[in-house]
Amino acid sequence: MSYEQKPKPSRLLIKLSSMVNPPSTIQSNLPAMLHSRNVAVIGGGAAGIVAARELRREGHKVVVLEKDNQIGGTWVYTPRVETDPIGLDPGRQIIHSSLYSSLRTNLPREVMGYTDYPFVPRNSGSGDLRRFPGHTEVLTYLKEFGRDFGIHEMVRYETEVLNVGLVGNNKWKVKSKTRHECYIDEIYDAVVVCNGHYTEPRIADIPGINSWPGKQMHSHNYRVPEPFQDKVVILIGGSASAVDICRDIARVAKEVYVASRSVADETYEKHPGYDNMWHHPMIESAYGDGTVVFHNGNVVLADVILHCTGYKYHFPFLDTNGNVTVDDSCVGPLYKHVFPLVLSPWLSFVGLPWKVVPFPLCELQSKWIAGNLSGRLALPSQEEMMEDVKAFYSKLEASRIPKRYTHNMAGYQFDYDDWLAEQCGSPGIEEWRKQMYNAVSKKRRDRPETYRDEWEDNDLILQAEEDFIKHTSSRVVT
């Protein structure tokens, strides 16, 4: 994918005035030609908090609407699970987080952090000091970011967004509900959607599953392995959560069978280092007697099918009059995965891409959004953006990339990041970060059992630490 086009002045000159009075914020001094907008940020996770920071840095008035009682989004662990373990019942009690208890990052902390706020161990030696820490350490990092940049004063906690829709004069009406059932209607100049995409499960299509008597669940509702004690478990999936969870469960389960698309149809092999775990191709069918048949012909009498099959993008609150749709995990049409064509820059999305290093990507997307809202930056015309989107879709189709992979940036995320940085006049992604990411990705494939605790990239770690000095010298890392 190419990211070399420079932005041209927009042909749409839309003037918006302030209409809400959010909580007090620190405002920067803007030149007379730039504009301060009233902006609602939906969600207070890793995307939402950096969006709030960048918007305020640009001089905008920001309100972050967060359903939970703390920032962190999907990094807020809870032992609670949903009332429907497979996540298909629309009336189920929805739990936002998909974290499991044993989760450790699959990226080193040097790579993972925001570019100007390094994810470094605390000077006191407290917390999880590992290079690939557990989820609690990530949440602590996000909370420290919130503290150091005054994010909390912009956040309305325990506030659920019910509806976001267009009103007259190209404004946005945001309807929300507080914990005390108080309904609030407000008008904003712009809305930035940062609600994450790890809550609405995607389920594998299995012929005959409706007659199969066993238990199904999605990894969204997996927390600990103990409920699988002495069970025969079929786990579907081959990505990060599947790799972790199959090993977690194998410690207590009687047998674990891992089915994935990446396995050839004739494959049937034992997982190295485990006497009770085997790899299979995908499931061919399930039957009423409890058996499951794989494409290699093998038959297993299983107790549980665990779907580690990813998630769908879900914006139940958003009403764009059909200008933004979600079709097979393709959110669009969006210019550069951020701006809806006819609603830009007044509606935007942060954090849709996957197979990426998310925190720096969200940071750069947020800078780009903030600059376009103030008028410091300018998008191309609608016609030019449409041509860009059409070219992107055509390239995916010509490469036979399924629609559900529209936002999969494996292979070109750093080109995208650097393009965003160029638009914003910001430094690109550091070379050591790119090299470290690529090295870890290879080790994760080659040595999935040990890559988090054994490494040979100390030279890159030293480069990162030298780079971090300019950001941490004035920062209190307790």
# chains A, B, ... in the order shown; residues from 1 in each chain; ligands from 1
$ select_by_dssp --residues "stretch 48-100 of chain A" --states "helix (DSSP H, G or I)" --output "VMD selection string"
chain A and resid 48 to 57 73 to 75
$ write_last_selection --atoms "N, CA, C and O atoms" --output "PDB file, in the first residue's frame"
ATOM      1  N   GLY A  48      -8.987   6.300  23.081  1.00  0.00           N
ATOM      2  CA  GLY A  48      -9.716   7.473  23.529  1.00  0.00           C
ATOM      3  C   GLY A  48      -8.879   8.449  24.323  1.00  0.00           C
ATOM      4  O   GLY A  48      -9.013   9.672  24.160  1.00  0.00           O
ATOM      5  N   ILE A  49      -7.993   7.939  25.173  1.00  0.00           N
ATOM      6  CA  ILE A  49      -7.228   8.863  26.022  1.00  0.00           C
ATOM      7  C   ILE A  49      -6.163   9.605  25.224  1.00  0.00           C
ATOM      8  O   ILE A  49      -5.886  10.784  25.481  1.00  0.00           O
ATOM      9  N   VAL A  50      -5.559   8.936  24.229  1.00  0.00           N
ATOM     10  CA  VAL A  50      -4.568   9.664  23.436  1.00  0.00           C
ATOM     11  C   VAL A  50      -5.272  10.600  22.459  1.00  0.00           C
ATOM     12  O   VAL A  50      -4.760  11.690  22.151  1.00  0.00           O
ATOM     13  N   ALA A  51      -6.465  10.235  22.000  1.00  0.00           N
ATOM     14  CA  ALA A  51      -7.242  11.166  21.178  1.00  0.00           C
ATOM     15  C   ALA A  51      -7.576  12.419  21.969  1.00  0.00           C
ATOM     16  O   ALA A  51      -7.447  13.546  21.462  1.00  0.00           O
ATOM     17  N   ALA A  52      -7.991  12.238  23.232  1.00  0.00           N
ATOM     18  CA  ALA A  52      -8.314  13.385  24.080  1.00  0.00           C
ATOM     19  C   ALA A  52      -7.098  14.293  24.261  1.00  0.00           C
ATOM     20  O   ALA A  52      -7.203  15.522  24.194  1.00  0.00           O
ATOM     21  N   ARG A  53      -5.937  13.679  24.488  1.00  0.00           N
ATOM     22  CA  ARG A  53      -4.734  14.491  24.672  1.00  0.00           C
ATOM     23  C   ARG A  53      -4.409  15.293  23.423  1.00  0.00           C
ATOM     24  O   ARG A  53      -4.128  16.504  23.497  1.00  0.00           O
ATOM     25  N   GLU A  54      -4.427  14.644  22.254  1.00  0.00           N
ATOM     26  CA  GLU A  54      -4.055  15.332  21.027  1.00  0.00           C
ATOM     27  C   GLU A  54      -5.071  16.411  20.654  1.00  0.00           C
ATOM     28  O   GLU A  54      -4.705  17.484  20.166  1.00  0.00           O
ATOM     29  N   LEU A  55      -6.345  16.139  20.889  1.00  0.00           N
ATOM     30  CA  LEU A  55      -7.373  17.145  20.608  1.00  0.00           C
ATOM     31  C   LEU A  55      -7.186  18.372  21.493  1.00  0.00           C
ATOM     32  O   LEU A  55      -7.274  19.515  21.040  1.00  0.00           O
ATOM     33  N   ARG A  56      -6.916  18.152  22.764  1.00  0.00           N
ATOM     34  CA  ARG A  56      -6.722  19.291  23.659  1.00  0.00           C
ATOM     35  C   ARG A  56      -5.428  20.040  23.329  1.00  0.00           C
ATOM     36  O   ARG A  56      -5.383  21.276  23.396  1.00  0.00           O
ATOM     37  N   ARG A  57      -4.378  19.309  22.983  1.00  0.00           N
ATOM     38  CA  ARG A  57      -3.138  19.972  22.577  1.00  0.00           C
ATOM     39  C   ARG A  57      -3.364  20.909  21.394  1.00  0.00           C
ATOM     40  O   ARG A  57      -2.706  21.941  21.269  1.00  0.00           O
ATOM     41  N   GLY A  73     -10.288   0.883  28.994  1.00  0.00           N
ATOM     42  CA  GLY A  73     -10.971   0.111  27.961  1.00  0.00           C
ATOM     43  C   GLY A  73     -10.788  -1.379  28.119  1.00  0.00           C
ATOM     44  O   GLY A  73     -11.015  -1.948  29.194  1.00  0.00           O
ATOM     45  N   THR A  74     -10.330  -2.020  27.061  1.00  0.00           N
ATOM     46  CA  THR A  74     -10.191  -3.475  27.082  1.00  0.00           C
ATOM     47  C   THR A  74      -9.111  -3.951  28.034  1.00  0.00           C
ATOM     48  O   THR A  74      -9.043  -5.139  28.356  1.00  0.00           O
ATOM     49  N   TRP A  75      -8.260  -3.042  28.506  1.00  0.00           N
ATOM     50  CA  TRP A  75      -7.197  -3.415  29.439  1.00  0.00           C
ATOM     51  C   TRP A  75      -7.667  -3.436  30.893  1.00  0.00           C
ATOM     52  O   TRP A  75      -6.858  -3.676  31.795  1.00  0.00           O
TER      53      TRP A  75
END
$ residues_around --residues "A:Val174" --least-positions-apart "3" --cutoff "7 Å" --atoms "only C-alpha atoms" --output "ChimeraX atom specification"
/A:163-165,185-187
$ write_last_selection --atoms "all heavy atoms" --output "PDB file, in the first residue's frame"
ATOM      1  N   ASN A 163     -26.855   7.184  21.545  1.00  0.00           N
ATOM      2  CA  ASN A 163     -27.081   7.550  20.153  1.00  0.00           C
ATOM      3  C   ASN A 163     -26.207   8.731  19.762  1.00  0.00           C
ATOM      4  O   ASN A 163     -26.043   9.675  20.533  1.00  0.00           O
ATOM      5  CB  ASN A 163     -28.561   7.892  19.915  1.00  0.00           C
ATOM      6  CG  ASN A 163     -28.850   8.202  18.460  1.00  0.00           C
ATOM      7  OD1 ASN A 163     -28.919   9.356  18.056  1.00  0.00           O
ATOM      8  ND2 ASN A 163     -29.022   7.162  17.652  1.00  0.00           N
ATOM      9  N   VAL A 164     -25.636   8.647  18.582  1.00  0.00           N
ATOM     10  CA  VAL A 164     -24.891   9.757  17.978  1.00  0.00           C
ATOM     11  C   VAL A 164     -25.471   9.954  16.586  1.00  0.00           C
ATOM     12  O   VAL A 164     -25.423   9.049  15.746  1.00  0.00           O
ATOM     13  CB  VAL A 164     -23.387   9.449  17.879  1.00  0.00           C
ATOM     14  CG1 VAL A 164     -22.665  10.558  17.124  1.00  0.00           C
ATOM     15  CG2 VAL A 164     -22.780   9.258  19.257  1.00  0.00           C
ATOM     16  N   GLY A 165     -26.047  11.125  16.329  1.00  0.00           N
ATOM     17  CA  GLY A 165     -26.685  11.358  15.044  1.00  0.00           C
ATOM     18  C   GLY A 165     -26.533  12.791  14.580  1.00  0.00           C
ATOM     19  O   GLY A 165     -26.313  13.713  15.370  1.00  0.00           O
ATOM     20  N   ASP A 185     -28.786  15.004  26.509  1.00  0.00           N
ATOM     21  CA  ASP A 185     -28.651  15.317  25.084  1.00  0.00           C
ATOM     22  C   ASP A 185     -27.720  16.514  24.938  1.00  0.00           C
ATOM     23  O   ASP A 185     -27.933  17.544  25.589  1.00  0.00           O
ATOM     24  CB  ASP A 185     -30.004  15.648  24.458  1.00  0.00           C
ATOM     25  CG  ASP A 185     -30.880  14.424  24.290  1.00  0.00           C
ATOM     26  OD1 ASP A 185     -30.380  13.295  24.409  1.00  0.00           O
ATOM     27  OD2 ASP A 185     -32.083  14.600  24.037  1.00  0.00           O
ATOM     28  N   GLU A 186     -26.711  16.394  24.072  1.00  0.00           N
ATOM     29  CA  GLU A 186     -25.765  17.487  23.861  1.00  0.00           C
ATOM     30  C   GLU A 186     -25.437  17.615  22.381  1.00  0.00           C
ATOM     31  O   GLU A 186     -25.519  16.640  21.628  1.00  0.00           O
ATOM     32  CB  GLU A 186     -24.473  17.243  24.641  1.00  0.00           C
ATOM     33  CG  GLU A 186     -24.657  17.241  26.154  1.00  0.00           C
ATOM     34  CD  GLU A 186     -23.385  16.824  26.859  1.00  0.00           C
ATOM     35  OE1 GLU A 186     -22.925  15.696  26.618  1.00  0.00           O
ATOM     36  OE2 GLU A 186     -22.853  17.620  27.644  1.00  0.00           O
ATOM     37  N   ILE A 187     -25.043  18.795  21.986  1.00  0.00           N
ATOM     38  CA  ILE A 187     -24.651  19.064  20.607  1.00  0.00           C
ATOM     39  C   ILE A 187     -23.142  19.313  20.549  1.00  0.00           C
ATOM     40  O   ILE A 187     -22.605  20.101  21.331  1.00  0.00           O
ATOM     41  CB  ILE A 187     -25.397  20.290  20.047  1.00  0.00           C
ATOM     42  CG1 ILE A 187     -26.906  20.109  20.192  1.00  0.00           C
ATOM     43  CG2 ILE A 187     -25.023  20.512  18.580  1.00  0.00           C
ATOM     44  CD1 ILE A 187     -27.476  18.926  19.444  1.00  0.00           C
TER      45      ILE A 187
END
$ closest_residue --among "A:Glu465, A:Asp189, A:Asp388, A:Glu456" --to "A:Leu343" --atoms "only C-alpha atoms"
A:Asp189
$ residues_around --residues "A:Arg92" --least-positions-apart "5" --cutoff "12 Å" --atoms "only C-alpha atoms" --output "PDB file with N, CA, C and O atoms, in the first residue's frame"
ATOM      1  N   VAL A  81     -18.072 -12.581  33.302  1.00  0.00           N
ATOM      2  CA  VAL A  81     -18.275 -12.944  31.906  1.00  0.00           C
ATOM      3  C   VAL A  81     -19.725 -12.654  31.543  1.00  0.00           C
ATOM      4  O   VAL A  81     -20.561 -12.392  32.405  1.00  0.00           O
ATOM      5  N   GLU A  82     -20.016 -12.712  30.248  1.00  0.00           N
ATOM      6  CA  GLU A  82     -21.357 -12.395  29.794  1.00  0.00           C
ATOM      7  C   GLU A  82     -22.333 -13.531  30.085  1.00  0.00           C
ATOM      8  O   GLU A  82     -21.937 -14.690  30.266  1.00  0.00           O
ATOM      9  N   THR A  83     -23.602 -13.187  30.102  1.00  0.00           N
ATOM     10  CA  THR A  83     -24.640 -14.179  30.388  1.00  0.00           C
ATOM     11  C   THR A  83     -24.771 -15.207  29.272  1.00  0.00           C
ATOM     12  O   THR A  83     -25.230 -16.328  29.515  1.00  0.00           O
ATOM     13  N   ASP A  84     -24.390 -14.845  28.050  1.00  0.00           N
ATOM     14  CA  ASP A  84     -24.350 -15.792  26.945  1.00  0.00           C
ATOM     15  C   ASP A  84     -22.884 -16.026  26.589  1.00  0.00           C
ATOM     16  O   ASP A  84     -22.232 -15.149  26.021  1.00  0.00           O
ATOM     17  N   PRO A  85     -22.313 -17.196  26.897  1.00  0.00           N
ATOM     18  CA  PRO A  85     -20.867 -17.397  26.740  1.00  0.00           C
ATOM     19  C   PRO A  85     -20.375 -17.328  25.302  1.00  0.00           C
ATOM     20  O   PRO A  85     -19.202 -17.067  25.074  1.00  0.00           O
ATOM     21  N   ILE A  86     -21.266 -17.531  24.326  1.00  0.00           N
ATOM     22  CA  ILE A  86     -20.829 -17.454  22.940  1.00  0.00           C
ATOM     23  C   ILE A  86     -21.068 -16.066  22.348  1.00  0.00           C
ATOM     24  O   ILE A  86     -20.560 -15.722  21.282  1.00  0.00           O
ATOM     25  N   GLY A  87     -21.853 -15.245  23.032  1.00  0.00           N
ATOM     26  CA  GLY A  87     -22.012 -13.846  22.641  1.00  0.00           C
ATOM     27  C   GLY A  87     -22.950 -13.593  21.490  1.00  0.00           C
ATOM     28  O   GLY A  87     -22.811 -12.577  20.797  1.00  0.00           O
ATOM     29  N   GLU A 200     -17.658  -7.549  20.363  1.00  0.00           N
ATOM     30  CA  GLU A 200     -18.703  -8.255  19.602  1.00  0.00           C
ATOM     31  C   GLU A 200     -18.073  -9.459  18.909  1.00  0.00           C
ATOM     32  O   GLU A 200     -17.367  -9.334  17.915  1.00  0.00           O
TER      33      GLU A 200
END
$ select_by_dssp --residues "stretch 58-193 of chain A" --states "strand (DSSP E)" --output "ChimeraX atom specification"
/A:61-65,155-156,159-167,171-178,183-188,190-193
$ write_last_selection --atoms "N, CA and C atoms" --output "CSV table (one decimal), in the first residue's frame"
chain,number,residue,atom,x,y,z
A,61,LYS,N,-12.0,21.7,22.8
A,61,LYS,CA,-12.7,21.4,24.0
A,61,LYS,C,-13.2,20.0,23.9
A,62,VAL,N,-12.8,19.2,24.9
A,62,VAL,CA,-13.0,17.7,24.8
A,62,VAL,C,-13.8,17.2,25.9
A,63,VAL,N,-14.7,16.3,25.6
A,63,VAL,CA,-15.4,15.5,26.6
A,63,VAL,C,-15.3,14.0,26.2
A,64,VAL,N,-14.7,13.2,27.1
A,64,VAL,CA,-14.6,11.8,26.8
A,64,VAL,C,-15.8,11.1,27.6
A,65,LEU,N,-16.5,10.3,26.8
A,65,LEU,CA,-17.7,9.6,27.4
A,65,LEU,C,-17.3,8.1,27.6
A,155,VAL,N,-13.0,13.4,31.4
A,155,VAL,CA,-13.8,12.1,31.2
A,155,VAL,C,-15.0,12.2,32.1
A,156,ARG,N,-16.1,11.8,31.5
A,156,ARG,CA,-17.4,11.5,32.2
A,156,ARG,C,-17.5,10.0,32.4
A,159,THR,N,-20.8,6.7,32.0
A,159,THR,CA,-21.7,7.3,31.0
A,159,THR,C,-21.8,6.5,29.7
A,160,GLU,N,-22.9,6.0,29.4
A,160,GLU,CA,-23.1,5.1,28.2
A,160,GLU,C,-23.7,6.0,27.1
A,161,VAL,N,-23.0,5.9,25.9
A,161,VAL,CA,-23.5,6.6,24.8
A,161,VAL,C,-24.6,5.8,24.1
A,162,LEU,N,-25.8,6.4,24.0
A,162,LEU,CA,-26.9,5.7,23.4
A,162,LEU,C,-27.1,5.9,22.0
A,163,ASN,N,-26.9,7.2,21.5
A,163,ASN,CA,-27.1,7.6,20.2
A,163,ASN,C,-26.2,8.7,19.8
A,164,VAL,N,-25.6,8.6,18.6
A,164,VAL,CA,-24.9,9.8,18.0
A,164,VAL,C,-25.5,10.0,16.6
A,165,GLY,N,-26.0,11.1,16.3
A,165,GLY,CA,-26.7,11.4,15.0
A,165,GLY,C,-26.5,12.8,14.6
A,166,LEU,N,-26.7,13.0,13.3
A,166,LEU,CA,-26.6,14.3,12.7
A,166,LEU,C,-27.8,15.1,13.0
A,167,VAL,N,-27.6,16.4,13.2
A,167,VAL,CA,-28.7,17.4,13.4
A,167,VAL,C,-28.4,18.5,12.4
A,171,LYS,N,-24.1,19.5,12.8
A,171,LYS,CA,-23.7,19.2,14.1
A,171,LYS,C,-24.0,17.8,14.5
A,172,TRP,N,-23.5,17.3,15.6
A,172,TRP,CA,-23.8,16.0,16.1
A,172,TRP,C,-24.5,16.0,17.4
A,173,LYS,N,-25.6,15.3,17.5
A,173,LYS,CA,-26.4,15.2,18.8
A,173,LYS,C,-26.0,13.9,19.4
A,174,VAL,N,-25.5,14.0,20.6
A,174,VAL,CA,-25.0,12.8,21.4
A,174,VAL,C,-25.9,12.6,22.6
A,175,LYS,N,-26.6,11.5,22.6
A,175,LYS,CA,-27.5,11.2,23.7
A,175,LYS,C,-26.8,10.1,24.6
A,176,SER,N,-26.7,10.4,25.9
A,176,SER,CA,-26.0,9.5,26.8
A,176,SER,C,-26.8,9.3,28.0
A,177,LYS,N,-26.4,8.3,28.8
A,177,LYS,CA,-27.1,7.9,30.0
A,177,LYS,C,-26.1,7.7,31.1
A,178,THR,N,-26.3,8.3,32.3
A,178,THR,CA,-25.4,8.1,33.4
A,178,THR,C,-25.8,6.9,34.2
A,183,TYR,N,-30.6,10.9,31.6
A,183,TYR,CA,-30.4,11.0,30.1
A,183,TYR,C,-30.0,12.4,29.8
A,184,ILE,N,-28.9,12.5,28.9
A,184,ILE,CA,-28.4,13.8,28.6
A,184,ILE,C,-28.3,13.9,27.1
A,185,ASP,N,-28.8,15.0,26.5
A,185,ASP,CA,-28.7,15.3,25.1
A,185,ASP,C,-27.7,16.5,24.9
A,186,GLU,N,-26.7,16.4,24.1
A,186,GLU,CA,-25.8,17.5,23.9
A,186,GLU,C,-25.4,17.6,22.4
A,187,ILE,N,-25.0,18.8,22.0
A,187,ILE,CA,-24.7,19.1,20.6
A,187,ILE,C,-23.1,19.3,20.5
A,188,TYR,N,-22.5,18.6,19.6
A,188,TYR,CA,-21.0,18.7,19.5
A,188,TYR,C,-20.7,19.1,18.0
A,190,ALA,N,-17.9,17.9,16.6
A,190,ALA,CA,-17.3,16.7,16.0
A,190,ALA,C,-17.3,15.6,17.0
A,191,VAL,N,-17.3,14.4,16.5
A,191,VAL,CA,-17.3,13.1,17.3
A,191,VAL,C,-16.1,12.2,16.8
A,192,VAL,N,-15.4,11.7,17.8
A,192,VAL,CA,-14.3,10.8,17.5
A,192,VAL,C,-14.6,9.5,18.2
A,193,VAL,N,-14.8,8.4,17.3
A,193,VAL,CA,-15.2,7.1,17.8
A,193,VAL,C,-14.0,6.3,18.2
$ residues_around --residues "A:Glu158" --least-positions-apart "5" --cutoff "7 Å" --atoms "only C-alpha atoms" --output "list in words"
Glu66, Lys67, Asp68, Asn69, Thr178 and Arg179 of chain A
$ write_last_selection --atoms "C-alpha atoms" --output "mmCIF file, in the first residue's frame"
data_model
loop_
_atom_site.group_PDB
_atom_site.id
_atom_site.type_symbol
_atom_site.label_atom_id
_atom_site.label_comp_id
_atom_site.auth_asym_id
_atom_site.auth_seq_id
_atom_site.Cartn_x
_atom_site.Cartn_y
_atom_site.Cartn_z
ATOM 1 C CA GLU A 66 -16.686 6.382 29.164
ATOM 2 C CA LYS A 67 -19.078 3.632 30.240
ATOM 3 C CA ASP A 68 -16.777 2.212 32.930
ATOM 4 C CA ASN A 69 -15.697 3.880 36.169
ATOM 5 C CA THR A 178 -25.419 8.105 33.417
ATOM 6 C CA ARG A 179 -25.223 5.420 36.063
#
$ residues_around --residues "A:Ser374" --least-positions-apart "3" --cutoff "8 Å" --atoms "only C-alpha atoms" --output "list in words"
Leu34, His35, Ser36, Arg37, Glu58, Gly59, His60, Ala370, Gly371 and Leu377 of chain A
$ write_last_selection --atoms "C-alpha atoms" --output "mmCIF file, in the first residue's frame"
data_model
loop_
_atom_site.group_PDB
_atom_site.id
_atom_site.type_symbol
_atom_site.label_atom_id
_atom_site.label_comp_id
_atom_site.auth_asym_id
_atom_site.auth_seq_id
_atom_site.Cartn_x
_atom_site.Cartn_y
_atom_site.Cartn_z
ATOM 1 C CA LEU A 34 -7.366 28.107 13.631
ATOM 2 C CA HIS A 35 -10.544 26.894 15.262
ATOM 3 C CA SER A 36 -11.319 25.348 18.625
ATOM 4 C CA ARG A 37 -14.091 22.757 18.303
ATOM 5 C CA GLU A 58 -4.602 21.331 19.346
ATOM 6 C CA GLY A 59 -6.857 23.653 21.336
ATOM 7 C CA HIS A 60 -10.165 21.792 21.180
ATOM 8 C CA ALA A 370 -7.001 17.118 15.722
ATOM 9 C CA GLY A 371 -5.105 19.092 13.064
ATOM 10 C CA LEU A 377 -4.237 20.575 8.278
#
$ residues_around --residues "stretch 133-144 of chain A" --least-positions-apart "4" --cutoff "12 Å" --atoms "only C-alpha atoms" --output "NGL selection string"
:A and (44-50 or 70-78 or 97-110 or 112-114 or 117-122 or 126-129 or 148-152 or 359 or 452-453 or 475-478)
$ closest_atom_pairs --of "stretch 42-96 of chain A" --to "stretch 309-331 of chain A" --cutoff "12 Å" --atoms "only C-alpha atoms" --output "Markdown table"
| residue | atom | partner | partner_atom | distance |
| --- | --- | --- | --- | --- |
| A:Ile42 | CA | A:Phe317 | CA | 10.0 |
| A:Gly43 | CA | A:Phe315 | CA | 11.6 |
| A:Ile86 | CA | A:Thr309 | CA | 11.1 |
| A:Gly87 | CA | A:Tyr311 | CA | 10.5 |
| A:Leu88 | CA | A:Lys312 | CA | 11.9 |
| A:Pro90 | CA | A:Pro316 | CA | 11.2 |
| A:His96 | CA | A:His314 | CA | 11.9 |
$ write_last_selection --atoms "N, CA, C and O atoms" --output "PDB file, in the first residue's frame"
ATOM      1  N   ILE A  42     -15.775   9.066  22.079  1.00  0.00           N
ATOM      2  CA  ILE A  42     -16.552   7.931  22.564  1.00  0.00           C
ATOM      3  C   ILE A  42     -15.603   6.829  22.987  1.00  0.00           C
ATOM      4  O   ILE A  42     -15.007   6.140  22.171  1.00  0.00           O
ATOM      5  N   GLY A  43     -15.408   6.672  24.290  1.00  0.00           N
ATOM      6  CA  GLY A  43     -14.546   5.624  24.811  1.00  0.00           C
ATOM      7  C   GLY A  43     -13.282   6.163  25.447  1.00  0.00           C
ATOM      8  O   GLY A  43     -12.639   7.072  24.913  1.00  0.00           O
ATOM      9  N   ILE A  86     -21.266 -17.531  24.326  1.00  0.00           N
ATOM     10  CA  ILE A  86     -20.829 -17.454  22.940  1.00  0.00           C
ATOM     11  C   ILE A  86     -21.068 -16.066  22.348  1.00  0.00           C
ATOM     12  O   ILE A  86     -20.560 -15.722  21.282  1.00  0.00           O
ATOM     13  N   GLY A  87     -21.853 -15.245  23.032  1.00  0.00           N
ATOM     14  CA  GLY A  87     -22.012 -13.846  22.641  1.00  0.00           C
ATOM     15  C   GLY A  87     -22.950 -13.593  21.490  1.00  0.00           C
ATOM     16  O   GLY A  87     -22.811 -12.577  20.797  1.00  0.00           O
ATOM     17  N   LEU A  88     -23.937 -14.466  21.275  1.00  0.00           N
ATOM     18  CA  LEU A  88     -24.879 -14.281  20.170  1.00  0.00           C
ATOM     19  C   LEU A  88     -26.192 -13.648  20.599  1.00  0.00           C
ATOM     20  O   LEU A  88     -26.909 -13.080  19.775  1.00  0.00           O
ATOM     21  N   PRO A  90     -28.518 -10.970  21.638  1.00  0.00           N
ATOM     22  CA  PRO A  90     -28.448  -9.501  21.674  1.00  0.00           C
ATOM     23  C   PRO A  90     -28.893  -8.922  23.010  1.00  0.00           C
ATOM     24  O   PRO A  90     -28.568  -7.773  23.326  1.00  0.00           O
ATOM     25  N   HIS A  96     -17.297  -5.480  28.507  1.00  0.00           N
ATOM     26  CA  HIS A  96     -16.453  -4.871  27.478  1.00  0.00           C
ATOM     27  C   HIS A  96     -15.127  -5.607  27.295  1.00  0.00           C
ATOM     28  O   HIS A  96     -14.686  -5.858  26.171  1.00  0.00           O
TER      29      HIS A  96
END
$ closest_residue --among "A:Cys194, A:Met436, A:Leu462, A:Ile283" --to "A:Gln365" --atoms "only C-alpha atoms"
A:Cys194
$ residues_around --residues "stretch 212-218 of chain A" --least-positions-apart "2" --cutoff "6 Å" --atoms "only C-alpha atoms" --output "MDAnalysis selection string"
chainID A and resid 85:86 209:210 220:221 286:288 290 303:307
$ closest_residue --among "A:Ser219, A:Asn170, A:Ser211, A:Thr291" --to "A:Val232" --atoms "only C-alpha atoms"
A:Thr291
$ atom_distance --atom1 "atom CA of A:Met386" --atom2 "atom CA of A:Tyr416"
18.0 Å
$ closest_atom_pairs --of "stretch 146-246 of chain A" --to "stretch 271-276 of chain A" --cutoff "12 Å" --atoms "only C-alpha atoms" --output "JSON lines"
{"residue": "A:Asp230", "atom": "CA", "partner": "A:Asn276", "partner_atom": "CA", "distance": 10.8}
{"residue": "A:Lys231", "atom": "CA", "partner": "A:Asn276", "partner_atom": "CA", "distance": 11.1}
{"residue": "A:Val232", "atom": "CA", "partner": "A:Asn276", "partner_atom": "CA", "distance": 9.6}
{"residue": "A:Val233", "atom": "CA", "partner": "A:Asn276", "partner_atom": "CA", "distance": 10.4}
{"residue": "A:Ile234", "atom": "CA", "partner": "A:Asn276", "partner_atom": "CA", "distance": 11.8}
{"residue": "A:Val243", "atom": "CA", "partner": "A:His271", "partner_atom": "CA", "distance": 11.2}
{"residue": "A:Cys246", "atom": "CA", "partner": "A:His271", "partner_atom": "CA", "distance": 10.3}
$ write_last_selection --atoms "all heavy atoms" --output "short mmCIF file (atom, residue, chain, number, x, y, z; two decimals), in the first residue's frame"
data_model
loop_
_atom_site.label_atom_id
_atom_site.label_comp_id
_atom_site.auth_asym_id
_atom_site.auth_seq_id
_atom_site.Cartn_x
_atom_site.Cartn_y
_atom_site.Cartn_z
N ASP A 230 -10.28 -31.63 33.07
CA ASP A 230 -10.64 -32.98 32.58
C ASP A 230 -11.62 -32.96 31.41
O ASP A 230 -12.25 -33.99 31.12
CB ASP A 230 -11.20 -33.84 33.72
CG ASP A 230 -10.21 -34.01 34.86
OD1 ASP A 230 -9.00 -34.11 34.57
OD2 ASP A 230 -10.64 -34.02 36.03
N LYS A 231 -11.76 -31.84 30.73
CA LYS A 231 -12.66 -31.74 29.58
C LYS A 231 -11.90 -32.01 28.28
O LYS A 231 -10.69 -31.85 28.19
CB LYS A 231 -13.29 -30.34 29.50
CG LYS A 231 -14.07 -29.91 30.73
CD LYS A 231 -15.36 -30.67 30.86
CE LYS A 231 -16.20 -30.11 32.01
NZ LYS A 231 -17.44 -30.90 32.20
N VAL A 232 -12.67 -32.42 27.26
CA VAL A 232 -12.14 -32.52 25.91
C VAL A 232 -12.57 -31.23 25.18
O VAL A 232 -13.77 -30.98 25.00
CB VAL A 232 -12.68 -33.75 25.17
CG1 VAL A 232 -12.18 -33.76 23.72
CG2 VAL A 232 -12.24 -35.02 25.89
N VAL A 233 -11.59 -30.43 24.80
CA VAL A 233 -11.85 -29.09 24.29
C VAL A 233 -11.36 -28.98 22.85
O VAL A 233 -10.23 -29.37 22.53
CB VAL A 233 -11.16 -28.02 25.15
CG1 VAL A 233 -11.47 -26.63 24.62
CG2 VAL A 233 -11.57 -28.15 26.61
N ILE A 234 -12.21 -28.44 21.98
CA ILE A 234 -11.80 -28.06 20.64
C ILE A 234 -11.71 -26.54 20.61
O ILE A 234 -12.68 -25.85 20.92
CB ILE A 234 -12.79 -28.54 19.57
CG1 ILE A 234 -12.83 -30.07 19.54
CG2 ILE A 234 -12.42 -27.99 18.20
CD1 ILE A 234 -13.89 -30.63 18.59
N VAL A 243 -3.31 -18.93 20.55
CA VAL A 243 -1.99 -19.47 20.90
C VAL A 243 -1.81 -19.49 22.41
O VAL A 243 -1.28 -20.46 22.98
CB VAL A 243 -0.89 -18.63 20.23
CG1 VAL A 243 0.49 -19.03 20.74
CG2 VAL A 243 -0.95 -18.80 18.71
N CYS A 246 -4.86 -21.98 24.28
CA CYS A 246 -4.73 -23.43 24.15
C CYS A 246 -3.70 -23.98 25.12
O CYS A 246 -3.88 -25.06 25.71
CB CYS A 246 -4.40 -23.82 22.71
SG CYS A 246 -2.75 -23.40 22.12
#
